[in-house]
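Student: Dumping the structure here so I can ask a few things about it.
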There are 4 protein chains.
Amino acid sequence: MNNSNFELIMDPSNDKFKDECGVFGVYANNTIDVASMTYYGLYALQHRGQESAGIAVANGEKIDIHKGLGLITEAFKQEDLEKLKGRIAVGHVRYSTAGGKGIENAQPILVSSKMGPIAMAHNGTLVNADVIKELLEDGGQIFHTTTDSEVIACLIARSAKKGFAKAVIDAMSAVRGSFALTIMSKDKLIGARDPHGIRPLCLGKIEEGYVLASESCALDAIGAEYVRDIEPGEIVIIDEQGVNSYRYSENTKCQTCAFEYIYFARPDSKIDGLEVHTTRVKAGEQLFKEHPLDADVVIAVPDSGIPAAIGYAKASGIPYDTGFIKNRYVGRTFISPSQEIRERAVAVKLNPLKVNLEGKRVILIDDSIVRGTTSKHLIESLKRAGVKEVSFLIASPSVKYPCYFGIDTPYRSELVAANHTVEEIRDMIGADYLGYLSETGVYKSCEDREGFCMGCFNGVYPVATPIEEISKDLER
Amino acid sequence: MNNSNFELIMDPSNDKFKDECGVFGVYANNTIDVASMTYYGLYALQHRGQESAGIAVANGEKIDIHKGLGLITEAFKQEDLEKLKGRIAVGHVRYSTAGGKGIENAQPILVSSKMGPIAMAHNGTLVNADVIKELLEDGGQIFHTTTDSEVIACLIARSAKKGFAKAVIDAMSAVRGSFALTIMSKDKLIGARDPHGIRPLCLGKIEEGYVLASESCALDAIGAEYVRDIEPGEIVIIDEQGVNSYRYSENTKCQTCAFEYIYFARPDSKIDGLEVHTTRVKAGEQLFKEHPLDADVVIAVPDSGIPAAIGYAKASGIPYDTGFIKNRYVGRTFISPSQEIRERAVAVKLNPLKVNLEGKRVILIDDSIVRGTTSKHLIESLKRAGVKEVSFLIASPSVKYPCYFGIDTPYRSELVAANHTVEEIRDMIGADYLGYLSETGVYKSCEDREGFCMGCFNGVYPVATPIEEISKDLER
Amino acid sequence: MNNSNFELIMDPSNDKFKDECGVFGVYANNTIDVASMTYYGLYALQHRGQESAGIAVANGEKIDIHKGLGLITEAFKQEDLEKLKGRIAVGHVRYSTAGGKGIENAQPILVSSKMGPIAMAHNGTLVNADVIKELLEDGGQIFHTTTDSEVIACLIARSAKKGFAKAVIDAMSAVRGSFALTIMSKDKLIGARDPHGIRPLCLGKIEEGYVLASESCALDAIGAEYVRDIEPGEIVIIDEQGVNSYRYSENTKCQTCAFEYIYFARPDSKIDGLEVHTTRVKAGEQLFKEHPLDADVVIAVPDSGIPAAIGYAKASGIPYDTGFIKNRYVGRTFISPSQEIRERAVAVKLNPLKVNLEGKRVILIDDSIVRGTTSKHLIESLKRAGVKEVSFLIASPSVKYPCYFGIDTPYRSELVAANHTVEEIRDMIGADYLGYLSETGVYKSCEDREGFCMGCFNGVYPVATPIEEISKDLER
Amino acid sequence: MNNSNFELIMDPSNDKFKDECGVFGVYANNTIDVASMTYYGLYALQHRGQESAGIAVANGEKIDIHKGLGLITEAFKQEDLEKLKGRIAVGHVRYSTAGGKGIENAQPILVSSKMGPIAMAHNGTLVNADVIKELLEDGGQIFHTTTDSEVIACLIARSAKKGFAKAVIDAMSAVRGSFALTIMSKDKLIGARDPHGIRPLCLGKIEEGYVLASESCALDAIGAEYVRDIEPGEIVIIDEQGVNSYRYSENTKCQTCAFEYIYFARPDSKIDGLEVHTTRVKAGEQLFKEHPLDADVVIAVPDSGIPAAIGYAKASGIPYDTGFIKNRYVGRTFISPSQEIRERAVAVKLNPLKVNLEGKRVILIDDSIVRGTTSKHLIESLKRAGVKEVSFLIASPSVKYPCYFGIDTPYRSELVAANHTVEEIRDMIGADYLGYLSETGVYKSCEDREGFCMGCFNGVYPVATPIEEISKDLER
C-alpha cells in the first residue's frame, strides 16, 4: 500500500469528488452586523470549501475585506470580524487542494475600477476564460491571479460606462461555463447564475433585507427565510429599491450538477425545489428496484451513504443498522506512518462494528465510487470483521468522465469506471456483488426531472467545452 | 440568551459531561515504530481528551518525550514522531477545559529517579492526593505541577529500593480514587487500574508484544488483538518475560463509571466484556419498556443519541429517521457573535430536517441531560420546523450529583436535575413529555450487571470521598 | 511622557526619516542560484525596508515568486528559496510602517500581460499616479492594490505591442516622481532610474552576468564588482546580448536625495561616485568649520552620528570617545510599559557611559533632527550622567518640509524645525548650544557637488508636485 | 568552506564564547509593576542569553509565572506581562544553543514545597550537581529536568523546617561551582553568589525597594541606583525588614570570570567595582606596551574589539578608524546558501570599508580568538580590500582550556590555541603579525587586581573539578 492510497483509506472523503466553492451575500437596509451573518452563512457552507475563507463588506463608501487560509473558524479572529462594518457583504469559502494554493487566490476578489470598488465571490469554472483573458490582454489589461474570477471582474469594469447592472449583464453574456456569483459594489449586491444553472444559488429574506447563498442550509443557519432559487440565466440586483431580476440569456434549460444532490450539497439544503436529503433516500429506494438483493442487514459508508441506505432498507424491508464507527476527528491532517504501521492502521478512521456484522450477509451502500481504493479497503475490513457476504451498491451511476464545471476530478486514468467493467471493479474491490444506480434512477430519485448535468457519467455536457481541453485531459 | 448559553447551543457537546483522559502503552520485543503505533492509538482515543497529547518512548537506556497542545494531529509533526525511537511507549490525550491549562500540565509526565527515568500517563482522579502531597512535602519533596500524577510518580520513586514492580504496587496501595495508568521505566511497561475499576483499561496483543489502552477501539486502530480488560486492583508488568499480573488489592467489586457506557466511550469499544454500542441500543429498547409512547417517528440528538433511538425504534416499531443534520465542522472554535446575530443563529450546528418532521409527533432521544440548555433549544427548533409534539426521552437516569473520579461535572447548581423535578424540567425545556431511563434500566441494558459507579445519579460512590470536598462542592 | 514619545525614546531610529524600499535584480547566463544571490543582496539592503521582502525568479518560461512579511530572514525559509529556480531574479525589501500594511502590498508585484509575465520592484513615489490611474480606469482597467507600482505595470502592458523595451520606455515617460525600478520579463532584466536620479540604483558585474541594486553594499555582499550607477533618465536592458542602455529623458540634472548620504544609505555604499562614509566624515569636519566649539570630548548618537563625530574630532583635535552604549537588541518590537515604569526606563536603549562623561564639556553629534523628542531625552540623560555642558551639533540642515519622493516624513506640524527657531529648539531640548550644518556644508561634504534634492531642507523640489498635495499636507 | 564555518563567518559572534544566563530580581514595598521592571531589566541583560526568557511574580500568596522561547521581546506579549501582578519578581534570560533546548528547561523554575511556592533563576554551573542529585534520588526524590537549578531547589526544600533563610544557606553550602541566584518565596527575595564570585550579581535601590541583577546596566535601564556587588559567599535576604546579609562561606577570594570583562558583560556595566568599558580600553593600552607596532591605522573587529582598539590608538598615537561596516541585522537566523553562493557571500555581515583601508598597514584588534575561523576570513577580506599589512592583536591571552563554570566552550580540539603555537596560528589565519595580551596584562587592565578565574587561559580553576569530567572533556 503506497502513501497516497493510504491517505485515501485514512480519510474516505479523500476518495470523493471535491466541490470547489461556496458563495454568500447579504444586503441590509440598516447597519446590522452583516459580517457576522456572513461568517455564520459561510460556516454552514464550509463543506463546499476548506482551503480559504473571506468576507468583504461595503459601507456605502468603500469596501473592506479580510481573507485567510483554512476553515472560516481559522481564517477569522474576533477582531477581524469586528473591523468589517457596513450594510452589504459577500463571502466565499474555497476548496482545499492537496498542495494548498496560498492566500493570493483566496476570494472574494476586491478590485478598484471606474465604478469604484467591486468585490466578487465565484463558485464554478469558465470554459472560455483563457480566450477572453487573451482578448483583454491584447487591450493592455494585466492580470494578478490565474483565477477565472479576475476575468469576470475585468469584463465588468470594461463595460463600466453602461452602469453597474448593465456591465454585469454584459460580462455574464461574454463568459461560458458554470458560475454562481455574488458581486458587490459599494451600494449594490448582485447574484448571478449561469444559463444552465450548473451551480446552485438561492435567495433568502431577512427582516432587514436579502441574502444570497449557494445552499439553503446557509439561510437556515442565520434564520433567513428561503424565498426561491435564482434561475439559470438570471441576475438579481439588490439595492434600496429591493430585488430586481434580469434575464441575460433566453431559452435555458436548468441542468444543475447531479452530484450536488448525490454528494456535495448538505442534506438539509433544498436546491431548485428538491430536498437534497429526500433525493438521497429515494436514490436508495430506487436502488432496491434496480438491484433487489437479499441480505441480513443494510449498512452505509458514513456519512454520505446513510440516507440511501435508509431508503434501501425501507424499500426492501431489510433492517438498517450501523456498520462502521467513524472517528469524530476525521478530516484533520494526519501524519503518514511508516509502511509497517500503515499495514496495521486499517481501522483508524472507519472501524467496523463487529457486533452488528459478524456472520451476516451485508448490503453496503455508498453514494459514489471515484477511484475505488477506499471501497476495496472497506470491504476487506468488513470481511475481517466476519461478514459472510458483501453486496456493494452505489447510489449513483458509474463515474467515467471528468468535470469541466467546477469539480476537481482526478485524472481520467484514475477513474476506475473509465477503464474497467462493473465485473472487473467488483473483483478488484473484492465485493460479492456490485451494482450502480442507473441514469434513469437518478432522474426518478429527483421527482422524475431530467434537467441535470450528467457529464461525469455520460460525457454529455451542457456547455460546449473546447476540444483541446478534452484532448489534454485524455493525455493526463 | 447570554454568551455561555450560546456556546452550549452552538455545540451540543458542550452540554455533556467531559471525560478527562485517554491512556495508551505499547511494549515490543523488537524495534518497530512504537511512536507511530501510539500516535494512531491516541488518535482513536481522541474523544477522551483534546487539550493536549503526548508520547514518551523508551529505548532501553533513556526515555524521550514529545508533548503538545491540542489534538494529537496538532501536537505532533512528522519530525516529532521520527525523533521518538525505541521499543516501549506510553501516550496520553487530555481533556480540554474551557480556559486551557497549558503545556506544563500535559502528560505523560517524565521524571528521573533512583530507578532511572519513569514516564507515566494517568486517566482518573485521586481523592487523597492533597494529603499525600503534604506528607511528601514534609519529607522535603518539591512539586512542579498540580497534577495527581506527579504525586503517584513521587510515591513510586520513594519505594525505589524495593524494585520497580514492588514500588508501583506500594504506590497503588497508598492512593485512593480512580486511575487507569500506563507507566514505563526504560525497560518495562506497567498497566494499573484502581481497585474498583472506575476507569477502563484493556490489554491487547500484537505480533511483537503487547498493548495497553483505555478503550479497545484503540486496539482495532492499530490492528492489535483484544486480550482482556485489566481487572480492578490489578497491575500488569510487561517486559521481556511477557505479561505478569499482580493484585495489590483484595475483594474488589468492579464499579466502572456508568457514563463510559452511556456517553464517553466510543461505540465500537468493548469494556469489561460489554459492547458499548449494544448497551446503548439496549438502553433504547429498555426506554421503550419504561416509556411506551406513541408517535410518528423516532429521532435522535446526533451523534450520541442515535443508538438508543435505533433501539427504541426497533422495540416500538415506530420508524427511526434523521431528525437533525449536524454541521460537519462542529467542534472547531467559534467566534461568539453579537446578540442580534446570536438570536438568529439558531441552526448553525444542528439543523432540523424539516421534510422528515413537519406535522409529525416526534420522539426525540438523547443520551443524557446535564444543564438542559441545549435540550430546550433543540425542542424549540423542532417546533419551529413544524413538529406537532415532542416527547423527549433520555437514555440514562437524571444527573443530580457531581463526579469525583475523573469527570468534569458542572457546579451542582447547574445540574438541572439536582434542583428540579421531572415535570419542572419538562416545562422548562418545552417538551410535551419527558422521561428518563431508570437506574434498573441501566443495569438491564448492561446484561443485568450491577457493578457500576452510579454516583452522579444517586450520590453513592465506590470510594469514600473527603467530606469537606463534598461540602465545598455543595457551596459551589 | 506619553506613549508615542516613549517609543521614540526607546528606539532613537523611530525619530528618523524612513526610507521606503530597496530593490535588487540579477541576470545570469547560466543557472546559478539567482534566488540565493537576491536573498543576500536584499539582506545587505535590509536597512532600506523591514516590512516585507520578496523575490521573483524567471526561468525563461514563467516567473515564480515568494513574498513574506518582516525581515528577509523572517519572510523566507530554506524551502521557499529552493522553489525559486531560474536565471533572472528581482527582489524587494519594503519599509515597515507602524500599522503594517499586509502581504497584499508586498513587492515585487507579478502580473501576466500580453507580453507574458512581468515582475517589478519599485523604490520611490510617483506624483502623478492618481491621474494616470484614473485614465487607465476610464479605459476599463481594474486595480488590485493601491500601489504606484501597479500603475507602472499597467502602463507597460498597454504599450505591449511595441515590444518590452519600448513599452518600458513609454511607461517611464508617462510617470513623474522618483523611482528606481528593477523589472523582469521571462527573459530580460531591466533597470530604470527617474530623470533626476532621486533614488539610487547601481550596476554590478558577476562572472555569469549582471546585477542591479539600490546600493553598492549589496554588490559587495555577493561578491559582485561595482560597474557604475544607472544614470538619471536611463534604462538598462540586460539580456543575452548583454547590457544595453537607453535614454528616455534628455537634459536631466542628477538630484539624488541628500538624505541618502546623510542617513539612509549604508556607510559602505558608494552612490553616484561618492563614498557615503566619507561624505559623513567630511560633514563632521565641515561642521567644525561652521561651529568651532571648545569641549573635552566629542561623542556621537550611535550609530548614525559616529562618522560625523569622528570627522569633527579630527578637524578640531578634541578627542572622540564612546558616549552611549546601545542595547544590541534595539529594533525588536517592544512592550510599552505603564506610565510609572516608563518614567524610569530612561536608559533602556542608549545608556550613557558615565566614566567617559562625568564632569566633562561634551560635543554631541547626530546626523539629523526630525521631531526633537529623542534629542531632548538624550541630553537629559547626559546631564544626569554628570555632563557639565552639552553642545549639540547636527550634521545636516534643519528639516522643515515634507518629502514627496519616497520618504515617510511626519506631518509638517511635527517637524520641530518647521515651527521653531534654532534658539527655541535649543531651549526645548535643553542643549547649551545647538548648531546645524548649512546647505553649503552639505555640498562641501559631497565634493562640492550641488546636484541633490534638498527639498526637505529648503522646500525646493526637483519635480513639480501637485499643489493640492502640498495644501493637504499643510492641513495635516 | 563547509557549512558550519560559513555560519561562523556569517556571524562573527558565533565564534565567541557564549555566556549562559542573566538573572534579575526585584522586591517592592508596594504594588508597583514589578513584572514590567523585570522585563526591562532582562531586556538590558539580553546579551547574556537569547534562548528563552521568563518572569515569576509573587503577590504574597502565590507565585505566577510566564516563560517563552526566544528573546524577551518574543517571549512576552503585553497580556502575558499584565497577568503578572505582585510585589516581588525574579527573571531569567537563557543562552541559545544551536539546537535549542525547549521550553521545559526555561527558567525561572517554579516549584511547590513545604514552605510554599519557590521560584528561582540561576546563572552558572554546579560541578557536583550529579553527586547531589544521586543522593537526593536515593532519598526518593524525583527530578523533572536536567538542570542544576532543580537540584538547588530540592536542597532548599529539604531544609524547609529550618526556615527559608537557613534553608537557602544550607543549600548553598552543599553545592560547589559557579552560581548567581535570585530566589523568591511568596514574601521574600534572596540573592546568592558562589564563594568565589565567579558569576557577577549586584544590588540596586529603587524608591520602593531593592533590585538584584547580573550586571549594573540592568539597574540603569530601570532607573535604579547601584548600591554594591553581592560578595562572594554572600546571601542577601530582602523582605519587609529590608536587606539582610549572611555569609555561608569564609575566607573566600573573589575570582570573577575574567571573560566577563573581556567579552561577556556590557561595556556600560560595573562589576566588583571595575568599569567594564575602562578595563577594555586599558587592555588596548596594555596591548601597545606588550606589542608596540607601527602602522597607518588601528581598526577593530566590531563591536567587541572597539574599546581595545581605541585604547591602543590612544597609547600608540596611531589613528583609530572604522575598518568594517556591520550589517545591522546580524544575529537574525540566516538561510545557509549553496556552496557556489557561499564562496561569494564574503561580506554579508562585515564589509571592509575600503576607503579607510586601501594601501595601508593596519593593526586589527579583536577581544579574543576561539576557533580562529572568523579571524582568517576577516584578514582575507582586508587583504582583498587592498590592505598592505595586517597586524592582528588580541586583547586577551590565548584560550587553551575549557570552562566548567557556566560558559559554553567548544570541544578542546576546536580551540585553536590549545593545539597550535602563536606562529602556527598566525600563518593559519594569514596575519603578518599576531600578538596576545599576557595574563599579567589582564591584571594590569583591571587595576592590578589578580582575583579572577583565568581557567580558560591557564587551566587553573578556583573550584576543584571532578577529574573524570576533565578526562571526558579531553577525549572530546
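Residue numbers start at 1 in each chain; chains themselves are named A, B, ... in the order of the C-alpha cells; ligands are numbered from 1 in the order shown.
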Could you name the residues that touch Leu126 of chain B at 9 Å or less, counting only C-alpha atoms, but leaving out those on the same chain fewer than 4 positions away, as a list in words?

Tutor: Asp130, Asp148, Ser149, Val175, Arg176, Gly177, Ser178, Phe179, Tyr404, Phe405 and Gly406 of chain B

Student: List every residue of chain B that has an atom at most 10 Å from any atom of chain D, giving for each one its closest atom pair and the distance in Å to one decimal, counting only C-alpha atoms, sorted by chain and then by ascending residue number, as JSON lines.

Tutor:
{"residue": "B:Ile103", "atom": "CA", "partner": "D:Glu104", "partner_atom": "CA", "distance": 9.3}
{"residue": "B:Glu104", "atom": "CA", "partner": "D:Glu104", "partner_atom": "CA", "distance": 8.0}
{"residue": "B:Ile109", "atom": "CA", "partner": "D:His144", "partner_atom": "CA", "distance": 8.3}
{"residue": "B:Leu110", "atom": "CA", "partner": "D:His144", "partner_atom": "CA", "distance": 6.5}
{"residue": "B:Val111", "atom": "CA", "partner": "D:His144", "partner_atom": "CA", "distance": 4.6}
{"residue": "B:Ser112", "atom": "CA", "partner": "D:Phe143", "partner_atom": "CA", "distance": 5.0}
{"residue": "B:Ser113", "atom": "CA", "partner": "D:Ile142", "partner_atom": "CA", "distance": 4.7}
{"residue": "B:Lys114", "atom": "CA", "partner": "D:Glu137", "partner_atom": "CA", "distance": 4.9}
{"residue": "B:Met115", "atom": "CA", "partner": "D:Glu137", "partner_atom": "CA", "distance": 8.6}
{"residue": "B:Gly116", "atom": "CA", "partner": "D:Glu137", "partner_atom": "CA", "distance": 9.4}
{"residue": "B:Pro117", "atom": "CA", "partner": "D:Phe143", "partner_atom": "CA", "distance": 9.0}
{"residue": "B:Ile118", "atom": "CA", "partner": "D:Ile142", "partner_atom": "CA", "distance": 9.2}
{"residue": "B:Lys133", "atom": "CA", "partner": "D:Ser113", "partner_atom": "CA", "distance": 9.4}
{"residue": "B:Glu134", "atom": "CA", "partner": "D:Lys114", "partner_atom": "CA", "distance": 7.4}
{"residue": "B:Leu135", "atom": "CA", "partner": "D:Lys114", "partner_atom": "CA", "distance": 9.2}
{"residue": "B:Leu136", "atom": "CA", "partner": "D:Lys114", "partner_atom": "CA", "distance": 8.7}
{"residue": "B:Glu137", "atom": "CA", "partner": "D:Lys114", "partner_atom": "CA", "distance": 5.0}
{"residue": "B:Asp138", "atom": "CA", "partner": "D:Lys114", "partner_atom": "CA", "distance": 5.9}
{"residue": "B:Gly139", "atom": "CA", "partner": "D:Arg158", "partner_atom": "CA", "distance": 7.0}
{"residue": "B:Gly140", "atom": "CA", "partner": "D:Arg158", "partner_atom": "CA", "distance": 4.0}
{"residue": "B:Gln141", "atom": "CA", "partner": "D:Gln141", "partner_atom": "CA", "distance": 6.4}
{"residue": "B:Ile142", "atom": "CA", "partner": "D:Ser113", "partner_atom": "CA", "distance": 4.7}
{"residue": "B:Phe143", "atom": "CA", "partner": "D:Ser112", "partner_atom": "CA", "distance": 5.0}
{"residue": "B:His144", "atom": "CA", "partner": "D:Val111", "partner_atom": "CA", "distance": 4.7}
{"residue": "B:Thr145", "atom": "CA", "partner": "D:Val111", "partner_atom": "CA", "distance": 7.5}
{"residue": "B:Thr146", "atom": "CA", "partner": "D:Ser112", "partner_atom": "CA", "distance": 8.8}
{"residue": "B:Glu150", "atom": "CA", "partner": "D:Ile142", "partner_atom": "CA", "distance": 9.3}
{"residue": "B:Ala153", "atom": "CA", "partner": "D:Ile142", "partner_atom": "CA", "distance": 7.7}
{"residue": "B:Cys154", "atom": "CA", "partner": "D:Ile142", "partner_atom": "CA", "distance": 6.3}
{"residue": "B:Leu155", "atom": "CA", "partner": "D:Gly140", "partner_atom": "CA", "distance": 8.1}
{"residue": "B:Ile156", "atom": "CA", "partner": "D:Gly140", "partner_atom": "CA", "distance": 8.3}
{"residue": "B:Ala157", "atom": "CA", "partner": "D:Gly140", "partner_atom": "CA", "distance": 5.0}
{"residue": "B:Arg158", "atom": "CA", "partner": "D:Gly140", "partner_atom": "CA", "distance": 4.0}
{"residue": "B:Ser159", "atom": "CA", "partner": "D:Gly140", "partner_atom": "CA", "distance": 7.1}
{"residue": "B:Ala160", "atom": "CA", "partner": "D:Gly140", "partner_atom": "CA", "distance": 6.9}
{"residue": "B:Lys161", "atom": "CA", "partner": "D:Asp138", "partner_atom": "CA", "distance": 8.3}

Student: Could those selected residues go to a file with C-alpha atoms, as a compact mmCIF listing (two decimals), in the first residue's frame?

Tutor:
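The resulting selection_11.txt:
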# COMPACT_ATOMS: atom_id res chain seq x y z
CA ILE B 103 1.71 22.57 28.22
CA GLU B 104 3.15 22.29 31.73
CA ILE B 109 4.95 13.10 32.87
CA LEU B 110 8.60 12.15 32.69
CA VAL B 111 10.83 12.17 35.76
CA SER B 112 14.23 10.86 36.65
CA SER B 113 14.57 8.82 39.83
CA LYS B 114 16.83 6.40 41.55
CA MET B 115 15.41 3.73 39.24
CA GLY B 116 16.19 5.79 36.19
CA PRO B 117 13.64 7.63 34.11
CA ILE B 118 9.93 6.95 34.61
CA LYS B 133 1.33 15.53 48.72
CA GLU B 134 1.53 17.21 52.10
CA LEU B 135 3.22 14.15 53.59
CA LEU B 136 5.74 14.10 50.77
CA GLU B 137 6.43 17.82 51.11
CA ASP B 138 7.06 17.27 54.80
CA GLY B 139 9.80 14.90 53.70
CA GLY B 140 11.37 17.63 51.57
CA GLN B 141 9.80 16.76 48.25
CA ILE B 142 9.15 19.59 45.80
CA PHE B 143 6.42 19.54 43.16
CA HIS B 144 6.45 21.11 39.72
CA THR B 145 2.83 20.63 38.76
CA THR B 146 -0.55 20.50 40.41
CA GLU B 150 3.18 13.78 39.98
CA ALA B 153 5.39 9.32 40.45
CA CYS B 154 6.84 10.51 43.76
CA LEU B 155 5.35 7.58 45.62
CA ILE B 156 6.88 5.16 43.16
CA ALA B 157 10.28 6.82 43.48
CA ARG B 158 10.10 6.67 47.28
CA SER B 159 9.84 2.89 47.17
CA ALA B 160 12.55 2.59 44.59
CA LYS B 161 14.76 0.35 46.64

Student: Extract the full set of strand (DSSP E) residues from segment 137-214 of chain D according to DSSP on the backbone, and format it as a list of chain:residue names.

Tutor: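 Restricting segment 137-214 of chain D to strand (DSSP E) produces D:Ala180, D:Leu181, D:Thr182, D:Ile183, D:Met184, D:Leu189, D:Ile190, D:Gly191, D:Ala192, D:Arg193, D:Cys202, D:Leu203, D:Gly204, D:Lys205, D:Ile206, D:Gly209, D:Tyr210, D:Val211, D:Leu212, D:Ala213.
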
Student: Separation of atom CA of Pro352 of chain C and atom CA of Val236 of chain D, in Å?

Tutor: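 Result for atom CA of Pro352 of chain C versus atom CA of Val236 of chain D: 28.9 Å, one decimal.
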
Student: I'd like the contact shell of segment 357-364 of chain A - 6 Å cut-off, only C-alpha atoms, skipping same-chain residues fewer than 2 positions apart - returned as a PDB file with C-alpha atoms, in the first residue's frame.

Tutor:
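Listing of around-v8.pdb after writing:
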ATOM      1  CA  ALA A 295     -29.286  -9.862   2.935  1.00  0.00           C
ATOM      2  CA  ASP A 296     -29.371  -9.709   6.721  1.00  0.00           C
ATOM      3  CA  VAL A 297     -28.608  -6.058   7.160  1.00  0.00           C
ATOM      4  CA  VAL A 298     -28.192  -2.822   5.195  1.00  0.00           C
ATOM      5  CA  ILE A 299     -25.269  -0.659   6.257  1.00  0.00           C
ATOM      6  CA  ALA A 300     -23.799   2.558   4.885  1.00  0.00           C
ATOM      7  CA  LYS A 354     -18.338  -6.250  14.665  1.00  0.00           C
ATOM      8  CA  VAL A 355     -21.328  -6.930  16.887  1.00  0.00           C
ATOM      9  CA  GLY A 386     -16.590 -11.660   9.995  1.00  0.00           C
ATOM     10  CA  VAL A 387     -19.072 -10.536   7.321  1.00  0.00           C
ATOM     11  CA  LYS A 388     -20.077 -13.507   5.166  1.00  0.00           C
ATOM     12  CA  GLU A 389     -21.087 -11.676   2.018  1.00  0.00           C
ATOM     13  CA  VAL A 390     -20.785  -8.050   0.901  1.00  0.00           C
ATOM     14  CA  SER A 391     -23.124  -6.700  -1.765  1.00  0.00           C
ATOM     15  CA  PHE A 392     -21.914  -3.249  -2.631  1.00  0.00           C
TER      16      PHE A 392
END

Student: For the structure I just gave you, how does DSSP split segment 142-344 of chain B - specifically, which residues are alpha helix (DSSP H)? Reply as number ranges by chain.

Tutor: B: 148-158, 164-174, 217-221, 258-259, 276-290, 306-316, 339-342

Student: Report as a list in words all protein, DNA and RNA residues lying within 6 Å of segment 206-216 of chain D, evaluated on only C-alpha atoms, omitting residues in the same chain fewer than 3 positions from it.

Tutor: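 The residues that qualify are Gly22, Val23, Phe24, Gly25, Val26, Tyr27, Ala28, Asn29, Pro200, Leu201, Cys202, Leu203, Leu219, Ala224, Ser269 and Lys270 of chain D.
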
Student: Just the number, please: distance in Å from atom CA of Leu434 of chain A to atom CA of Pro319 of chain B, one decimal.

Tutor: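 Calculated distance between atom CA of Leu434 of chain A and atom CA of Pro319 of chain B is 28.2 Å.
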
Student: Calculate how many Å separate atom CA of Pro267 of chain D from atom CA of Pro267 of chain C, rounding to one decimal.

Tutor: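 Between atom CA of Pro267 of chain D and atom CA of Pro267 of chain C the gap is 24.4 Å.
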